[in-house]
2 protein chains.
Amino acid sequence: MQREFLESSDAVRTAQPLKHAQSVTFDEPLTLEQGGHLPQVTVAYETYGTLSAAHDNAVLVCHALSGDSHVARHQAGDSPGWWEILVGPGKPIDTDRYFVICPNILGGCRGTTGPNSINAETGRPYGSDFPVVSVGDMVEAQKRLMDHLGIERLLAVVGGSLGGHMVLTWATRFSDRVAGAAALATSPRLTSQALAFDVVGRNAILRDPAFDGGQYYDHGSGPAVGLALARMLGHITYLSQEAMTQKFEAQRQKPHDVRSEFETKFAVGSYLAYQGDKFVERFDANSYLTLTMAMDLFDLGDTQQKLIEKFRGCGTRWLLLSFSSDWLFPPFQSQEIVDTLIALNRPVTYCNVQSNCGHDAFLLSNEVDIYGEMVRAFLDNLSGRKDAPPKDAPPQSAARGDCSPTSIFHERRLDYDSILELIPPGASVLDLGCSTGELLARLKLRGDARIMGVEQDQRAIVECVRRGLDVVQADLNQGLSAFADRQFDYVVLSQTLQAVMDVEKVLADVLRIGQRGIVSFPNFAYWKLRGQLAQQGRAPRASMLRYHWYDTPNVRFLTIADFEEFCRDKGIRVQRRIALDTETDRQVEDNPNLNADIAIMVISQ
Amino acid sequence: MQREFLESSDAVRTAQPLKHAQSVTFDEPLTLEQGGHLPQVTVAYETYGTLSAAHDNAVLVCHALSGDSHVARHQAGDSPGWWEILVGPGKPIDTDRYFVICPNILGGCRGTTGPNSINAETGRPYGSDFPVVSVGDMVEAQKRLMDHLGIERLLAVVGGSLGGHMVLTWATRFSDRVAGAAALATSPRLTSQALAFDVVGRNAILRDPAFDGGQYYDHGSGPAVGLALARMLGHITYLSQEAMTQKFEAQRQKPHDVRSEFETKFAVGSYLAYQGDKFVERFDANSYLTLTMAMDLFDLGDTQQKLIEKFRGCGTRWLLLSFSSDWLFPPFQSQEIVDTLIALNRPVTYCNVQSNCGHDAFLLSNEVDIYGEMVRAFLDNLSGRKDAPPKDAPPQSAARGDCSPTSIFHERRLDYDSILELIPPGASVLDLGCSTGELLARLKLRGDARIMGVEQDQRAIVECVRRGLDVVQADLNQGLSAFADRQFDYVVLSQTLQAVMDVEKVLADVLRIGQRGIVSFPNFAYWKLRGQLAQQGRAPRASMLRYHWYDTPNVRFLTIADFEEFCRDKGIRVQRRIALDTETDRQVEDNPNLNADIAIMVISQ
């Protein structure tokens, strides 16, 4: 229902901006990527907040297929905007701090030039004569608006879905005009499945007899059936299977009391009929055709090589967010972009937010404490706000690092001190399993330039972004093929090896990606632990302070001797070994496999 | 494309059986579940093979939405049937052994009474006057056919999707007439998401002006656009996202050369246009409305309590198969049925077959070596064929049991001998992590009546079914809530505990489901292993014959003392402990935590 934020209004089909929108007309013809041109372009837009004197606080918000310029309320009595949860005073995109611009997109039907605009050549609405526009054309129109507003460089461009396609286009084409790009629930191009749904929706409109070749404005209702069918279909794809079950299962055969000529037998049918009918009141079928085609033609490439070409010149800082149950823009598509940025050594943070809400998740409040906070912290970092206090820090237990104290004797991560000493200042560092970013933050404080983390826990990633760190979400066991050979001077795997299943793959990645790898792990041949097994007949419990054999996250039990044999067998060079007795807080020289409870190994190929 | 098995033919819209079909008309009126009746019912069907003298080899195959009676070729020159890969001489449903019957379903358009049949009252086709029929009505018509053929009891009913709904209906309503039920890619009722797609498809047909209230037979082409749109939509839901990517991505913007009034701009669009247009030639829109509504109304219940009521009286043997990428009939829906059958203590085998092919997987050859072989073995078991030699046994390494020899000294599972001695003859036994069913097969040989296995590996499950065992696929770490308290006399967890992550949950299930639990595990305090750590400083390698610390499937390391402490802490009673030294093949009485390499514990709450 969340997409149905607009009241039915007389603005429909007359290309009028919404109540609060301003508009500006550019008389210079716009040459279109797919051929042809538009003799002039009008852009309707709304703004929020105040542009700073330095013009350095502007955030462009790009709406999706059926959105418009009304991203949020301007004052209390307004109708709510489509991203009310993210945009407003004190919200993640804080209008007390940022100057927010949201334009209606080219080809839409809410004030910006689209198929329902008057074609100067004929004096009638364009209808089907409206040319094919691309996402690039939409961005070109937005760029004219930025020029008009005197904004040379945007602090950030933010958007989801089709709006995310615009973010990607801004950042890849006009990188010098964008400091940060936040793209939610988006992709380098649609999946064939998503494209197929668009095709069926367009066919429903195009083959509706009332479509009448697209010139239906003068008479009748237009292709109301076809547009409603397309919208019904869209709604299914915006929700997840789980979300639909929650919404409709309890009352499956008890439909809402909806008047419609569509089938209303089942609860879900009455919902779809309502959504379909209502959409027809506020949206223009020709715009639907135009915008879905722009989305379908959007294509940054189907191979990483092509993506690398597109993103090569891009100097923006990135935030990519996908949603786990989004099957219209599946997470792997955001990961393709992330992989490309990693391969290009660009600053990027990525999280696949756990959600049951499907594609719509980025519009809903359910997971806003994760994705909203990431957007907030990302903008904070861009605008140089230092040490912003975490608004509501996650409970300690949410972060995994917390579960891995150095040893059974010390809560403090003594191994970090040694690891910091091993890394020369200025080196580039990748921390695998970085948790909330404690080690990376210490490196950052020291001034290390190119540092990055990999972590699985989404709350830990929020903490990392708040610390100004770049972290991508990944499961180490799945491999880190996105990273290039020798991409970092040092790859750190601190107190993580014992918790991974695929040790060989993870260590191979450490050695491949780093000039040097630094691996720390608990030594199960420490004399106290040997004693536990030898004298007491009990499983060793190092690094298991709060755990027993049956509930520890650790699944690999190794000794320094085991690790060194592994290195010999695999042809791995051990550059240095630091063995610690953390009880006495000293390095062990004498028989470390007996006397050290923690080992830190510097390795290389 | 696999659904497009039929040539366009003049049989369409005239309710004529297909070339090889026979038909029989029943003059007794059929009272319908949703109200009304059909004055008479004609059933078109095809048969394969020969009915045995005892009439005990009949297999009923139920087709899905757009199928028909032509399930397979009758002879070499025939057009292929829709389940050619499963039905035929030597195939899993072996027509050399079984008498196979495949009727066209009630409401269809291929010879069995449907909306395009002549309504005796008006002398015209029923059209929209055709009453609402249910899956139960379809089965009622099939039952009349069985009576007509003199088949009192079916060896098996087999079907997928809507055909699976018929299997479920046969087995729950006429349990005494069905020995075995094999239901593929099906559900107790549709998800709201699947139902929503049906609603949109029906709306496309119903709102097509050419639908003309359903009486389009006399004039024009009927609701060709609406029916084609519904079919396009159907095709998207039959494939998975991955399958569509494989099929269309490489040539995304290079459509097939298809003549169609539908959009053919993209490869996937040309495919959908072709499928849509072709379907209109062979299928009747009113049948589409009738059959999808029957599917949408099919509802065995949305809670396990309701399902239990439905399945309570059911005495058939069960095979349930789902497909991992099927999002139209997602695996969790098959699991709901399996859980119900487990709760009712019914013989059931279940596997979620790994597949990229989506819902269509059950019609495709890709995974037929798994699901076809399960159907074959299931029918073998029903027909009493003993010791059927595995057609092509999987490589040894595919089965996990093979990876768990008793100890570092013996390949043979010596612990099985002890476990067998611990279980009194006639006891009911559940084996968790049963692998290829070696222990269960020994129990079965001994005559134990109610034995069952749980296993994750699908090839191991195929082996179990070949051995005549009932096995359900499950991940022990996810819990076994389907099993009732005290459902079995013994629950066995042999050499599996050390490989599970959630030890507490698994042991809680063992104790809850069994009167007694029998748990065997390697003892890491065995003196040789203590020595490895104490003297050599190496991680213990018991039960790791072929493994190192970094690649073992074992993730839990415990000693007999650890386990006994665990039992004390959790209030678990240790009824008996057998400690084995498998090197000398003897039981250990003296200090077992030092002298035994394997422990077998009999535990209870």
# chains A, B, ... in the order shown; residues from 1 in each chain; ligands from 1
>>> select_by_dssp(residues="region 500-532 of chain A", states="alpha helix (DSSP H)", output="VMD selection string")
chain A and resid 503 to 513 527 to 532
>>> closest_residue(among="B:Ser240, B:Ser161, B:Thr340, B:Asn116", to="chain A", atoms="only C-alpha atoms")
B:Ser240
>>> residues_around(residues="Asp296 (chain A)", least_positions_apart="4", cutoff="10 Å", atoms="only C-alpha atoms", output="PyMOL selection string")
(chain A and resi 134-135+162+189-192+194-196+198-199+290-292) or (chain B and resi 266)
>>> write_last_selection(atoms="C-alpha atoms", output="compact mmCIF listing (two decimals), in the first residue's frame")
# COMPACT_ATOMS: atom_id res chain seq x y z
CA SER A 134 16.86 6.37 -21.69
CA VAL A 135 17.98 6.61 -18.09
CA LEU A 162 14.95 2.75 -11.36
CA ARG A 189 20.62 -4.11 -15.78
CA LEU A 190 17.39 -6.00 -15.25
CA THR A 191 17.34 -9.77 -14.97
CA SER A 192 15.59 -11.52 -17.84
CA ALA A 194 12.25 -8.76 -14.41
CA LEU A 195 12.40 -7.72 -18.04
CA ALA A 196 9.84 -10.41 -18.90
CA ASP A 198 7.76 -5.56 -18.02
CA VAL A 199 7.12 -7.09 -21.45
CA THR A 290 8.13 4.94 -21.65
CA LEU A 291 9.58 4.40 -18.19
CA THR A 292 9.55 0.59 -18.25
CA PHE B 266 13.89 -8.50 -26.57
>>> residues_around(residues="region 594-601 of chain B", least_positions_apart="6", cutoff="6 Å", atoms="only C-alpha atoms", output="list in words")
Ile518, Val519, Ser520, Phe521, Pro522, Asn523, Ala525, Tyr526, Trp527, Arg576, Arg577, Ile578, Ala579, Leu580 and Asp581 of chain B
>>> residues_around(residues="region 376-382 of chain A", least_positions_apart="6", cutoff="6 Å", atoms="only C-alpha atoms", output="list in words")
Pro92, Val465, Arg466 and Gly468 of chain A
>>> write_last_selection(atoms="N, CA and C atoms", output="CSV table (one decimal), in the first residue's frame")
chain,number,residue,atom,x,y,z
A,92,PRO,N,17.4,10.3,8.2
A,92,PRO,CA,18.7,9.9,7.7
A,92,PRO,C,19.2,10.9,6.6
A,465,VAL,N,30.4,1.8,9.2
A,465,VAL,CA,30.1,3.0,8.4
A,465,VAL,C,30.1,4.2,9.3
A,466,ARG,N,29.6,4.1,10.5
A,466,ARG,CA,29.6,5.2,11.5
A,466,ARG,C,31.0,5.6,11.8
A,468,GLY,N,33.3,5.7,9.7
A,468,GLY,CA,33.8,6.2,8.5
A,468,GLY,C,34.6,5.2,7.6
>>> closest_residue(among="B:Thr122, B:Thr50, B:Gln456, B:Gln253", to="chain A", atoms="only C-alpha atoms")
B:Gln253
>>> closest_residue(among="B:Arg512, B:Arg459, B:Arg586, B:His235", to="chain A", atoms="only C-alpha atoms")
B:His235
>>> closest_residue(among="B:Phe329, B:Phe197, B:Tyr274, B:Phe323", to="chain A", atoms="only C-alpha atoms")
B:Phe197
>>> select_by_dssp(residues="region 173-332 of chain B", states="strand (DSSP E)", output="PyMOL selection string")
chain B and resi 178-184+317-323
>>> residues_around(residues="region 205-222 of chain B", least_positions_apart="2", cutoff="12 Å", atoms="only C-alpha atoms", output="ChimeraX atom specification")
/A:204-205,207-210,223-226,228-229,260-263 /B:12-15,115-118,124-130,198-203,224-231,277,280-281,283-290,292
>>> residues_around(residues="Arg259 (chain A)", least_positions_apart="3", cutoff="12 Å", atoms="only C-alpha atoms", output="ChimeraX atom specification")
/A:255-256,262-265,269-278
>>> write_last_selection(atoms="N, CA and C atoms", output="mmCIF file, in the first residue's frame")
data_model
loop_
_atom_site.group_PDB
_atom_site.id
_atom_site.type_symbol
_atom_site.label_atom_id
_atom_site.label_comp_id
_atom_site.auth_asym_id
_atom_site.auth_seq_id
_atom_site.Cartn_x
_atom_site.Cartn_y
_atom_site.Cartn_z
ATOM 1 N N PRO A 255 -12.281 -11.340 0.743
ATOM 2 C CA PRO A 255 -11.765 -10.142 0.074
ATOM 3 C C PRO A 255 -12.241 -8.867 0.762
ATOM 4 N N HIS A 256 -11.475 -7.799 0.561
ATOM 5 C CA HIS A 256 -11.936 -6.477 0.977
ATOM 6 C C HIS A 256 -13.126 -6.087 0.115
ATOM 7 N N PHE A 262 -12.678 -5.898 -11.977
ATOM 8 C CA PHE A 262 -11.741 -7.018 -11.918
ATOM 9 C C PHE A 262 -12.221 -8.043 -10.890
ATOM 10 N N GLU A 263 -11.666 -9.254 -11.007
ATOM 11 C CA GLU A 263 -12.032 -10.309 -10.064
ATOM 12 C C GLU A 263 -11.672 -9.905 -8.634
ATOM 13 N N THR A 264 -12.608 -10.058 -7.716
ATOM 14 C CA THR A 264 -12.340 -9.706 -6.313
ATOM 15 C C THR A 264 -12.678 -10.866 -5.385
ATOM 16 N N LYS A 265 -12.579 -12.078 -5.923
ATOM 17 C CA LYS A 265 -12.984 -13.263 -5.163
ATOM 18 C C LYS A 265 -12.094 -13.526 -3.939
ATOM 19 N N GLY A 269 -6.874 -10.847 -4.575
ATOM 20 C CA GLY A 269 -7.506 -10.329 -5.787
ATOM 21 C C GLY A 269 -8.134 -8.974 -5.550
ATOM 22 N N SER A 270 -8.775 -8.806 -4.401
ATOM 23 C CA SER A 270 -9.398 -7.510 -4.124
ATOM 24 C C SER A 270 -8.324 -6.433 -3.966
ATOM 25 N N TYR A 271 -7.196 -6.823 -3.375
ATOM 26 C CA TYR A 271 -6.068 -5.887 -3.236
ATOM 27 C C TYR A 271 -5.549 -5.462 -4.604
ATOM 28 N N LEU A 272 -5.330 -6.458 -5.469
ATOM 29 C CA LEU A 272 -4.790 -6.154 -6.792
ATOM 30 C C LEU A 272 -5.784 -5.318 -7.592
ATOM 31 N N ALA A 273 -7.078 -5.651 -7.514
ATOM 32 C CA ALA A 273 -8.097 -4.892 -8.244
ATOM 33 C C ALA A 273 -8.074 -3.434 -7.794
ATOM 34 N N TYR A 274 -7.985 -3.240 -6.475
ATOM 35 C CA TYR A 274 -7.966 -1.888 -5.925
ATOM 36 C C TYR A 274 -6.734 -1.121 -6.405
ATOM 37 N N GLN A 275 -5.588 -1.785 -6.295
ATOM 38 C CA GLN A 275 -4.340 -1.129 -6.708
ATOM 39 C C GLN A 275 -4.341 -0.831 -8.198
ATOM 40 N N GLY A 276 -4.868 -1.749 -8.970
ATOM 41 C CA GLY A 276 -4.915 -1.552 -10.419
ATOM 42 C C GLY A 276 -5.812 -0.375 -10.782
ATOM 43 N N ASP A 277 -7.024 -0.376 -10.243
ATOM 44 C CA ASP A 277 -7.967 0.695 -10.545
ATOM 45 C C ASP A 277 -7.426 2.052 -10.106
ATOM 46 N N LYS A 278 -6.823 2.077 -8.900
ATOM 47 C CA LYS A 278 -6.359 3.350 -8.350
ATOM 48 C C LYS A 278 -5.195 3.914 -9.150
#
>>> closest_residue(among="A:Lys570, A:Arg413, A:Lys306, A:Arg252", to="chain B", atoms="only C-alpha atoms")
A:Arg252
>>> closest_residue(among="A:Thr245, A:Gln515, A:Gln75, A:Gln22", to="chain B", atoms="only C-alpha atoms")
A:Thr245
>>> atom_distance(atom1="CA of Pro103 (chain B)", atom2="CA of Glu367 (chain B)")
25.6 Å
>>> decode(residues="region 443-456 of chain A", atoms="N, CA and C atoms", output="PDB file, in the first residue's frame")
ATOM      1  N   LEU A 443      43.874   1.770  12.549  1.00  0.00           N
ATOM      2  CA  LEU A 443      44.715   2.050  11.379  1.00  0.00           C
ATOM      3  C   LEU A 443      44.362   3.407  10.781  1.00  0.00           C
ATOM      4  N   LYS A 444      43.054   3.691  10.742  1.00  0.00           N
ATOM      5  CA  LYS A 444      42.579   4.949  10.161  1.00  0.00           C
ATOM      6  C   LYS A 444      43.085   6.130  10.981  1.00  0.00           C
ATOM      7  N   LEU A 445      43.001   5.996  12.309  1.00  0.00           N
ATOM      8  CA  LEU A 445      43.497   7.044  13.208  1.00  0.00           C
ATOM      9  C   LEU A 445      44.976   7.325  12.948  1.00  0.00           C
ATOM     10  N   ARG A 446      45.679   6.212  12.675  1.00  0.00           N
ATOM     11  CA  ARG A 446      47.118   6.320  12.426  1.00  0.00           C
ATOM     12  C   ARG A 446      47.395   6.951  11.080  1.00  0.00           C
ATOM     13  N   GLY A 447      46.357   6.975  10.225  1.00  0.00           N
ATOM     14  CA  GLY A 447      46.510   7.653   8.943  1.00  0.00           C
ATOM     15  C   GLY A 447      46.649   6.737   7.750  1.00  0.00           C
ATOM     16  N   ASP A 448      46.489   5.417   7.964  1.00  0.00           N
ATOM     17  CA  ASP A 448      46.587   4.516   6.816  1.00  0.00           C
ATOM     18  C   ASP A 448      45.506   4.877   5.799  1.00  0.00           C
ATOM     19  N   ALA A 449      45.927   5.016   4.581  1.00  0.00           N
ATOM     20  CA  ALA A 449      45.042   5.600   3.579  1.00  0.00           C
ATOM     21  C   ALA A 449      44.005   4.596   3.075  1.00  0.00           C
ATOM     22  N   ARG A 450      44.473   3.521   2.515  1.00  0.00           N
ATOM     23  CA  ARG A 450      43.555   2.632   1.826  1.00  0.00           C
ATOM     24  C   ARG A 450      43.266   1.427   2.698  1.00  0.00           C
ATOM     25  N   ILE A 451      42.222   1.508   3.475  1.00  0.00           N
ATOM     26  CA  ILE A 451      41.857   0.396   4.347  1.00  0.00           C
ATOM     27  C   ILE A 451      40.414   0.013   4.077  1.00  0.00           C
ATOM     28  N   MET A 452      40.122  -1.241   4.266  1.00  0.00           N
ATOM     29  CA  MET A 452      38.802  -1.755   3.908  1.00  0.00           C
ATOM     30  C   MET A 452      38.521  -3.001   4.740  1.00  0.00           C
ATOM     31  N   GLY A 453      37.248  -3.257   4.969  1.00  0.00           N
ATOM     32  CA  GLY A 453      36.876  -4.429   5.742  1.00  0.00           C
ATOM     33  C   GLY A 453      35.889  -5.318   5.015  1.00  0.00           C
ATOM     34  N   VAL A 454      35.854  -6.576   5.424  1.00  0.00           N
ATOM     35  CA  VAL A 454      34.852  -7.524   4.955  1.00  0.00           C
ATOM     36  C   VAL A 454      34.190  -8.104   6.205  1.00  0.00           C
ATOM     37  N   GLU A 455      32.874  -8.110   6.233  1.00  0.00           N
ATOM     38  CA  GLU A 455      32.165  -8.575   7.426  1.00  0.00           C
ATOM     39  C   GLU A 455      30.812  -9.143   7.015  1.00  0.00           C
ATOM     40  N   GLN A 456      30.282 -10.059   7.845  1.00  0.00           N
ATOM     41  CA  GLN A 456      28.992 -10.659   7.530  1.00  0.00           C
ATOM     42  C   GLN A 456      27.834 -10.015   8.287  1.00  0.00           C
TER      43      GLN A 456
END
